[in-house]
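Dumped target_33.csv below, it's CSV, C-alpha atoms:
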chain,number,residue,atom,x,y,z
X,21,MET,CA,122.7,45.6,125.4
X,22,LYS,CA,126.5,45.2,125.1
X,23,ARG,CA,127.7,43.3,122.1
X,24,GLU,CA,129.5,40.5,124.0
X,25,ILE,CA,126.4,39.9,126.3
X,26,GLU,CA,124.2,40.0,123.2
X,27,GLN,CA,126.3,37.5,121.4
X,28,ASN,CA,126.4,35.2,124.4
X,29,LEU,CA,122.6,35.4,124.8
X,30,ILE,CA,122.1,34.7,121.1
X,31,LYS,CA,124.4,31.6,121.2
X,32,ARG,CA,122.6,30.3,124.3
X,33,ALA,CA,119.1,31.0,122.7
X,34,CYS,CA,120.2,29.2,119.5
X,35,ASN,CA,121.1,26.2,121.6
X,36,GLY,CA,117.6,26.1,123.1
X,37,ASP,CA,118.2,28.1,126.3
X,38,LYS,CA,114.7,29.5,127.1
X,39,GLU,CA,116.0,32.0,129.7
X,40,ALA,CA,118.4,33.5,127.1
X,41,PHE,CA,115.6,33.8,124.5
X,42,SER,CA,113.3,35.4,127.1
X,43,GLU,CA,116.0,37.9,128.0
X,44,ILE,CA,116.4,38.8,124.3
X,45,TYR,CA,112.7,38.9,123.8
X,46,PHE,CA,111.9,41.2,126.8
X,47,SER,CA,114.8,43.5,126.0
X,48,LEU,CA,113.9,44.1,122.4
X,49,LYS,CA,110.1,43.4,122.0
X,50,ASP,CA,109.0,47.0,122.9
X,51,SER,CA,111.3,48.5,120.3
X,52,ILE,CA,110.2,46.1,117.6
X,53,PHE,CA,106.6,46.7,118.5
X,54,GLY,CA,107.1,50.4,118.5
X,55,PHE,CA,108.6,50.4,115.1
X,56,ALA,CA,105.8,48.2,113.7
X,57,PHE,CA,103.1,50.2,115.4
X,58,ARG,CA,104.4,53.5,114.1
X,59,MET,CA,104.6,52.2,110.6
X,60,ILE,CA,101.1,50.7,110.6
X,61,ASN,CA,99.2,52.4,113.4
X,62,LYS,CA,97.3,49.2,114.2
X,63,ARG,CA,98.0,47.7,117.6
X,64,GLY,CA,96.8,44.2,116.8
X,65,ILE,CA,98.8,43.9,113.6
X,66,ALA,CA,101.9,45.4,115.2
X,67,GLU,CA,101.6,42.8,118.0
X,68,GLU,CA,101.2,40.0,115.5
X,69,ILE,CA,104.2,41.3,113.5
X,70,THR,CA,106.3,41.5,116.7
X,71,GLN,CA,105.4,37.9,117.6
X,72,GLU,CA,106.2,36.8,114.0
X,73,VAL,CA,109.6,38.5,114.2
X,74,PHE,CA,110.6,36.6,117.3
X,75,ILE,CA,109.2,33.3,115.9
X,76,PHE,CA,111.3,33.9,112.8
X,77,PHE,CA,114.3,34.5,114.9
X,78,ILE,CA,113.8,31.2,116.8
X,79,GLU,CA,113.4,29.3,113.6
X,80,ASN,CA,116.1,31.1,111.6
X,81,SER,CA,118.7,32.2,114.2
X,82,ASP,CA,121.4,30.9,111.8
X,83,LYS,CA,120.6,33.8,109.4
X,84,TYR,CA,121.7,36.4,111.9
X,85,ASP,CA,125.4,37.4,111.4
X,86,PHE,CA,127.2,39.1,114.2
X,87,GLU,CA,129.5,40.8,111.8
X,88,LYS,CA,126.7,42.7,110.0
X,89,GLY,CA,125.3,44.5,112.9
X,90,ASN,CA,123.4,44.2,116.2
X,91,LEU,CA,120.4,42.0,116.8
X,92,PHE,CA,118.0,44.9,117.0
X,93,SER,CA,118.9,45.9,113.4
X,94,PHE,CA,118.5,42.4,112.2
X,95,LEU,CA,115.1,42.0,113.9
X,96,CYS,CA,114.0,45.4,112.7
X,97,GLY,CA,114.8,44.3,109.1
X,98,VAL,CA,112.7,41.2,109.6
X,99,ALA,CA,109.9,43.4,111.0
X,100,ARG,CA,110.2,45.8,108.0
X,101,ASN,CA,109.8,42.9,105.6
X,102,LYS,CA,106.7,41.6,107.4
X,103,ILE,CA,105.2,45.2,107.5
X,104,LEU,CA,105.8,45.6,103.7
X,105,ASN,CA,104.3,42.1,103.1
X,106,HIS,CA,101.2,43.0,105.2
X,107,LEU,CA,100.8,46.3,103.3
X,108,LYS,CA,101.0,44.6,99.9
X,109,LYS,CA,98.5,41.9,100.9
X,110,SER,CA,96.0,44.4,102.5
X,111,GLY,CA,96.5,47.2,100.1
X,112,THR,CA,96.4,49.4,103.1
X,113,ARG,CA,98.0,52.8,103.0
X,114,LEU,CA,100.2,53.7,106.0
X,115,GLU,CA,98.1,55.8,108.4
X,116,SER,CA,98.8,58.6,110.8
X,117,ASN,CA,100.2,57.8,114.2
X,118,ASN,CA,100.6,59.6,117.4
X,119,PHE,CA,104.2,59.0,118.2
X,120,GLU,CA,104.7,62.8,118.9
X,121,SER,CA,101.6,63.2,121.0
X,122,GLU,CA,103.1,62.3,124.3
X,123,ARG,CA,106.0,64.6,123.7
X,124,PHE,CA,103.7,67.5,123.0
X,125,GLU,CA,101.3,66.6,125.8
X,126,ASN,CA,104.1,66.7,128.3
X,127,PHE,CA,105.1,70.2,127.0
X,128,ALA,CA,101.5,71.3,127.0
X,129,ASN,CA,100.9,70.4,130.6
X,130,ASN,CA,103.0,73.3,131.7
X,131,HIS,CA,101.0,75.9,129.8
X,132,SER,CA,97.6,77.6,129.6
X,133,PRO,CA,94.5,75.9,128.1
X,134,PHE,CA,95.0,78.0,125.0
X,135,ARG,CA,98.7,76.9,124.7
X,136,ASN,CA,97.5,73.3,125.2
X,137,LEU,CA,95.1,73.7,122.3
X,138,LEU,CA,97.8,75.0,120.1
X,139,ASN,CA,100.2,72.2,121.0
X,140,LYS,CA,97.5,69.6,120.3
X,141,GLU,CA,96.9,71.2,116.9
X,142,PHE,CA,100.6,71.2,116.2
X,143,SER,CA,100.9,67.6,117.2
X,144,ALA,CA,97.9,66.7,115.0
X,145,LYS,CA,99.7,68.5,112.1
X,146,ILE,CA,102.8,66.5,112.7
X,147,GLU,CA,100.8,63.3,112.6
X,148,GLU,CA,99.1,64.4,109.4
X,149,CYS,CA,102.4,65.3,107.8
X,150,MET,CA,103.9,61.9,108.8
X,151,ALA,CA,101.0,60.2,107.2
X,152,GLU,CA,101.7,62.0,103.9
X,153,LEU,CA,105.3,60.8,103.7
X,154,SER,CA,106.0,57.8,101.6
X,155,PRO,CA,106.5,54.6,103.6
X,156,LEU,CA,110.2,54.6,102.6
X,157,GLN,CA,110.7,58.2,103.9
X,158,ARG,CA,108.7,57.5,107.0
X,159,GLU,CA,110.7,54.4,108.0
X,160,VAL,CA,114.0,56.2,107.8
X,161,LEU,CA,112.7,59.1,109.7
X,162,LEU,CA,111.4,56.9,112.5
X,163,LEU,CA,114.6,54.8,112.6
X,164,ARG,CA,116.8,57.8,112.7
X,165,GLU,CA,114.9,60.3,114.9
X,166,LEU,CA,113.0,57.9,117.2
X,167,GLU,CA,115.3,54.9,117.5
X,168,ASP,CA,118.4,57.0,117.0
X,169,LEU,CA,120.0,54.4,114.8
X,170,PRO,CA,123.2,55.3,112.8
X,171,TYR,CA,122.9,55.6,109.0
X,172,GLU,CA,124.8,52.3,108.5
X,173,GLU,CA,122.3,50.3,110.5
X,174,ILE,CA,119.3,52.0,108.8
X,175,ALA,CA,120.8,51.2,105.4
X,176,GLU,CA,121.2,47.5,106.5
X,177,ILE,CA,117.6,47.4,107.8
X,178,THR,CA,116.2,49.0,104.6
X,179,GLU,CA,118.5,47.1,102.3
X,180,THR,CA,119.8,50.2,100.7
X,181,SER,CA,123.0,52.4,100.9
X,182,VAL,CA,123.8,55.1,103.3
X,183,GLY,CA,123.4,57.6,100.5
X,184,VAL,CA,119.9,56.4,99.8
X,185,VAL,CA,119.0,56.6,103.5
X,186,LYS,CA,120.4,60.2,103.7
X,187,GLY,CA,118.5,61.2,100.6
X,188,ARG,CA,115.2,59.8,101.9
X,189,LEU,CA,115.8,61.4,105.3
X,190,PHE,CA,116.6,64.7,103.7
X,191,ARG,CA,113.4,64.7,101.6
X,192,ALA,CA,111.3,63.6,104.6
X,193,ARG,CA,112.7,66.4,106.8
X,194,ARG,CA,112.3,69.0,104.0
X,195,THR,CA,108.7,68.0,103.6
X,196,LEU,CA,108.0,68.2,107.3
X,197,ALA,CA,109.8,71.5,107.6
X,198,LYS,CA,107.8,73.0,104.7
X,199,GLU,CA,104.5,71.9,106.1
X,200,LEU,CA,105.3,72.8,109.7
X,201,THR,CA,107.0,76.2,109.1
X,202,PRO,CA,103.7,78.2,109.4
X,203,TYR,CA,103.1,76.6,112.8
X,204,VAL,CA,106.6,77.2,114.1
X,205,LYS,CA,106.4,80.9,112.9
X,206,SER,CA,103.0,81.4,114.6
X,207,GLU,CA,104.5,79.9,117.8
X,208,GLU,CA,107.3,82.4,117.7
X,209,VAL,CA,104.8,85.3,117.2
X,210,LEU,CA,102.8,84.0,120.2
X,211,TYR,CA,105.9,83.8,122.3
X,212,GLU,CA,106.9,87.3,121.4
X,213,VAL,CA,103.4,88.6,122.3
X,214,HIS,CA,103.3,86.7,125.5
X,215,THR,CA,106.7,87.9,126.7
X,216,SER,CA,106.3,91.6,125.6
Any chance you could give the structure as structure tokens?
Amino acid sequence: MKREIEQNLIKRACNGDKEAFSEIYFSLKDSIFGFAFRMINKRGIAEEITQEVFIFFIENSDKYDFEKGNLFSFLCGVARNKILNHLKKSGTRLESNNFESERFENFANNHSPFRNLLNKEFSAKIEECMAELSPLQREVLLLRELEDLPYEEIAEITETSVGVVKGRLFRARRTLAKELTPYVKSEEVLYEVHTS
């Protein structure tokens, strides 16, 4: 959503324009839900958090500052706080999720049953590795790699600095690379055997 259009919609929504709020809601709800779901891996709770985020926005729209970033970043920050509060209350450890599964299933559909099995195993390993990351590393990885947000916006959402974001992202990527290297190497060997 373009910045000027977003600002106009927000102003209208803050003045009680239901159509403007609906447009904002329908353009951003899936992204907010996706972030919450990937952090918690519980559909019902992710849906509740998504609703709470938009209720918060309706009740506190004056807290959003155009100068600090786009609305998605602001709402993602609200979602993050609600996720962390939920985790503190429930004592729940972040669980594995399947955000990579579709990507690998699409790739797998073009290969043999054996290749499909290997791809599912690799996908499961990615999910397992993601579950082992700390919540702080997981969130920056999701925001950067999945949502493709710039470092500055991630820093704003996570209430840290760009340097901290880059450090967490580096450690998350290094951990994943270390755990997934055997799978990548075995994939290269299989490719060489298949093509020779």
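Across the model, the gap from atom CA of X:Ser51 to atom CA of X:Glu152 is 23.3 Å.
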> Could you state the separation of atom CA of X:Glu172 and atom CA of X:Glu24 in Å, given to one decimal place?
Replying inline: 20.0 Å
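Between X:Ala175 and the candidates X:Ser93, X:Thr201, X:Ser143, X:Asn105, the tightest atom-to-atom separation, counting only C-alpha atoms, involves X:Ser93.
The gap separating atom CA of X:Ala197 from atom CA of X:Ile146 is 10.0 Å, in Å to one decimal.
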> Neighbours of X:Ile52 within 10 Å (all atoms listed in the file; same-chain residues fewer than 2 positions away dropped), as a PyMOL selection string?
Replying inline: chain X and resi 45+47-50+54-57+66-67+69-71+73-74+92-93+95-100
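Residue neighbourhood of X:Tyr171, excluding near-sequence residues (fewer than 2 positions): X:Leu169, X:Glu173, X:Ile174, X:Ala175, X:Val182, X:Val185, at 7 Å, using only C-alpha atoms.
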> X:Leu161: which residues within 8 Å, counting only C-alpha atoms, same-chain residues fewer than 4 positions away excluded, as a VMD selection string?
Replying inline: chain X and resid 157 165 to 166 189 192 to 193
>> Using all atoms listed in the file, can you tell me which of X:Leu163, X:Arg158, X:Lys145, X:Asn101 comes closest to X:Lys198?
In response: X:Lys145
> Using only C-alpha atoms, which residues sit within 12 Å of stretch 27-38 of chain X once same-chain residues fewer than 3 positions away are excluded, as a list in words?
Replying inline: Met21, Lys22, Arg23, Glu24, Phe41, Ser42, Glu43, Ile44, Tyr45, Ser47, Phe74, Phe77, Ile78, Glu79, Asn80, Ser81, Asp82, Lys83, Tyr84, Asp85, Phe86, Glu87, Gly89, Asn90, Leu91 and Phe92 of chain X
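Of the listed residues X:Leu200, X:Leu104, X:Thr180, X:Lys109, the one whose atoms come nearest to X:Ala144 is X:Leu200, with distances taken using only C-alpha atoms.
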> What residues have an atom no more than 12 Å from (104.4, 60.2, 103.9) in the file's own frame, counting only C-alpha atoms, and can you write them as a PyMOL selection string?
Replying inline: chain X and resi 59+113-117+146-162+188-189+191-196+199
